[in-house]
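Participant: First the structure, then my questions, so here it is.
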2 protein chains.
Amino acid sequence: MSAITTHATSSGSSASPRAVIFDAYGTLFDVHSVIAAAEQLFPGNGNALSQLWRQKQIEYTQLRTLADPSGSHYAPFWDITLDALRHAAARLGLASSLTSVAEKRLMDEYACLSAFPDALPALKALRDRFGIPLAILSNGNPPMLDIAVKSAGMSGLFDHVLSVDSVRAYKPAAAAYELGTRAFGATRAAAREIVFVSSNGWDVAGATWFGYTTFWINRAALPLENLGVAPHETGRDMTELVVFIEGA
Amino acid sequence: MSAITTHATSSGSSASPRAVIFDAYGTLFDVHSVIAAAEQLFPGNGNALSQLWRQKQIEYTQLRTLADPSGSHYAPFWDITLDALRHAAARLGLASSLTSVAEKRLMDEYACLSAFPDALPALKALRDRFGIPLAILSNGNPPMLDIAVKSAGMSGLFDHVLSVDSVRAYKPAAAAYELGTRAFGATRAAAREIVFVSSNGWDVAGATWFGYTTFWINRAALPLENLGVAPHETGRDMTELVVFIEGA
């Protein structure tokens with residue numbers, strides 16, 4: 001695979017990436033696995049609520065960091081997730097039905113999102129068959145990531161579980177992406193030796209701008225975000241990521 | 001009105017604000033006035049296209065500035081508007097119908113958006129009856145703003161038409177809001193002596209964080225964005241803004 005710039009090892013030049021870093025929400029964990037509970041609570045509105053909840057969650061992270069990259073408006077992802085749920089419910093005229101019980105049920109669902117079925121086998125293949133160090137680099141705050149990784153049976157698979165919480169800046173701020181290079185002892189120029197994987201088009205754009213070699217998991221066959229930057233490779237799921245890495 | 005911190009003048013303390021600054025798109029100019037043309041071109045999809053177009057336009061501005069506040073990923077608002085149109089059309093499965101003729105028609109509509117009918121009388125009242133200096137502070141690049149102001153019959157009403165293009169940073173970055181204080185010779189601490197008016201909830205939040213006294217024109221009776229910050233005052237239209245300023 002020509003897209004990954006390989007790095008020199010003690011045994012010479014290696015063809016495999018130095019590491020693979022994964023976005024968490026939407027990439028490993030299915031944020032829309034809350035739809036079933038949302039549909040039970042708000043019949044006919046489960047999908048709309050889930051979509052708007054997710055949209056507002058991302059928007060709020062970006063607005064808070066954009067208004068002050070040094071973090072004075074930062075709030076943890078869990079809190080923003082709740083803020084976004086409440087706004088989405090109000091926007092859809094469901095606020096009066098969002099009781100504290102309903103709210104807790106949806107937030108509990110969010111804490112234990114389902115992993116995509118292709119995620120775990122792919123992570124194991126990359127780690128066990130190819131011996132590539134793996135990491136998560138997520139907007140989620142550490143307690144959220146802990147629970148999500150454990151409930152998905154992914155404990156022990158990652159060399160690093162990195163949260164933007166430590167820099168109080170959400171993706172696509174460079175300070176967030178820099179957590180990945182720093183964790184693997186790479187300079188920013190060496191980011192291209194690391195593969196960054198995300199299902200979120202805006203996240204892939206940010207990681208590409210930062211300098212990573214990027215793989216976009218385009219599960220929903222969406223058009224590319226029109227940001228003047230393209231991922232180095234695209235696949236439909238994590239299985240195609242493994243093929244991409246294998247061919248490296 | 002207690003919300004505006006008044007400033008001292010040569011004749012003592014004045015009750016009126018030092019200036020009123022307006023967001024342009026969505027506040028003075030109706031971005032959804034393109035719906036009619038969009039509906040003609042894409043029957044049954046005009047509203048969806050207009051909504052997604054606007055959402056992507058705002059998202060792309062914010063992503064580009066967030067990824068690098070110093071502006072290395074900056075692109076002018078006109079270009080981003082076209083990028084967003086193309087993505088929105090693709091997302092809705094309309095890409096094959098977005099011919100260059102259709103694209104030009106929609107972009108031409110965007111260049112000459114309708115002003116909200118309450119905008120011009122309210123601007124004239126603020127300027128002529130109360131003698132308050134007025135400005136626009138917009139994401140739009142200068143040629144877009146020139147045409148929009150002229151085609152709305154608003155030429156000569158503004159002391160300043162400020163574009164974020166001069167700092168290559170989109171709202172809600174502080175560098176963008178700072179254009180307003182600087183234009184009126186105010187320190188950032190004195191931003192509270194200036195009223196910032198926007199229909200966009202995220203813009204009102206950003207302006208409030210920056211330090212302006214803020215007035216949210218909530219035309220669509222939307223719930224407040226849940227960002228931990230509230231506008232100082234809210235009204236349904238520009239007429240209510242005049243009442244607010246008059247009561248100051």
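Chain lettering (A, B, ...) mirrors the order of the structure tokens, residue numbering begins at 1 for each chain separately, and ligand numbering begins at 1 in order of display.
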Output as a Markdown table one row per residue of chain B within 6 Å of chain A: the closest atom pair and its distance in Å to one decimal place, counting only C-alpha atoms, sorted by chain and residue number ascending.
Facilitator:
| residue | atom | partner | partner_atom | distance |
| --- | --- | --- | --- | --- |
| B:Leu66 | CA | A:Leu66 | CA | 5.3 |
| B:Ala67 | CA | A:Ala173 | CA | 4.6 |
| B:Asp83 | CA | A:Asn226 | CA | 5.5 |
| B:Pro172 | CA | A:Ala67 | CA | 5.1 |
| B:Ala173 | CA | A:Ala67 | CA | 4.6 |
| B:Ala174 | CA | A:Ala67 | CA | 5.9 |
| B:Asn226 | CA | A:Asp83 | CA | 5.6 |
Participant: Can you pull out every residue from stretch 61-236 of chain A that DSSP, working from the backbone, puts in alpha helix (DSSP H), and format the result as number ranges by chain?
Facilitator: A: 61-67, 77-91, 100-111, 119-124, 142-151, 174-183, 201-210
Participant: Select from stretch 5-245 of chain A everything DSSP, run on the backbone, classes as strand (DSSP E), then give the selection as a VMD selection string.
Facilitator: chain A and resid 8 to 9 12 to 13 19 to 22 134 to 138 160 to 163 194 to 198 213 to 217 233 to 235
Participant: Identify, on the basis of only C-alpha atoms, every residue whose closest approach to A:Lys124 does not exceed 12 Å; exclude the query and any residue fewer than 5 positions from it along the same chain; express the result as an MDAnalysis selection string.
Facilitator: chainID A and resid 118:119 129:134 153:158 238:239 242
Participant: Using only C-alpha atoms, pick whichever of A:Ala220, A:Val243, A:Leu162, A:Met107 has the shortest atom-to-atom distance to A:Pro142.
Facilitator: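 Checking each of A:Ala220, A:Val243, A:Leu162, A:Met107 against A:Pro142, counting only C-alpha atoms, the winner is A:Leu162.
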Participant: Write out as a PyMOL selection string each polymer residue whose atoms come within 12 Å of stretch 135-137 of chain A, counting only C-alpha atoms; drop sequence neighbours fewer than 4 positions from it.
Facilitator: chain A and resi 18-25+27-29+123+126-127+141-142+145-146+148-149+154-166+170-172+175-184+194-198+203+207
Participant: Counting only C-alpha atoms, what is within 8 Å of A:Cys112, bar same-chain residues fewer than 5 positions away, as a list in words?
Facilitator: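 The neighbour list is Ile147, Ala148, Ser151 and Ala152 of chain A.
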Participant: Find the distance between atom CA of A:Asn200 and atom CA of A:Gly235 and write it in Å to one decimal.
Facilitator: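 Computed distance, atom CA of A:Asn200 to atom CA of A:Gly235, equals 12.5 Å.
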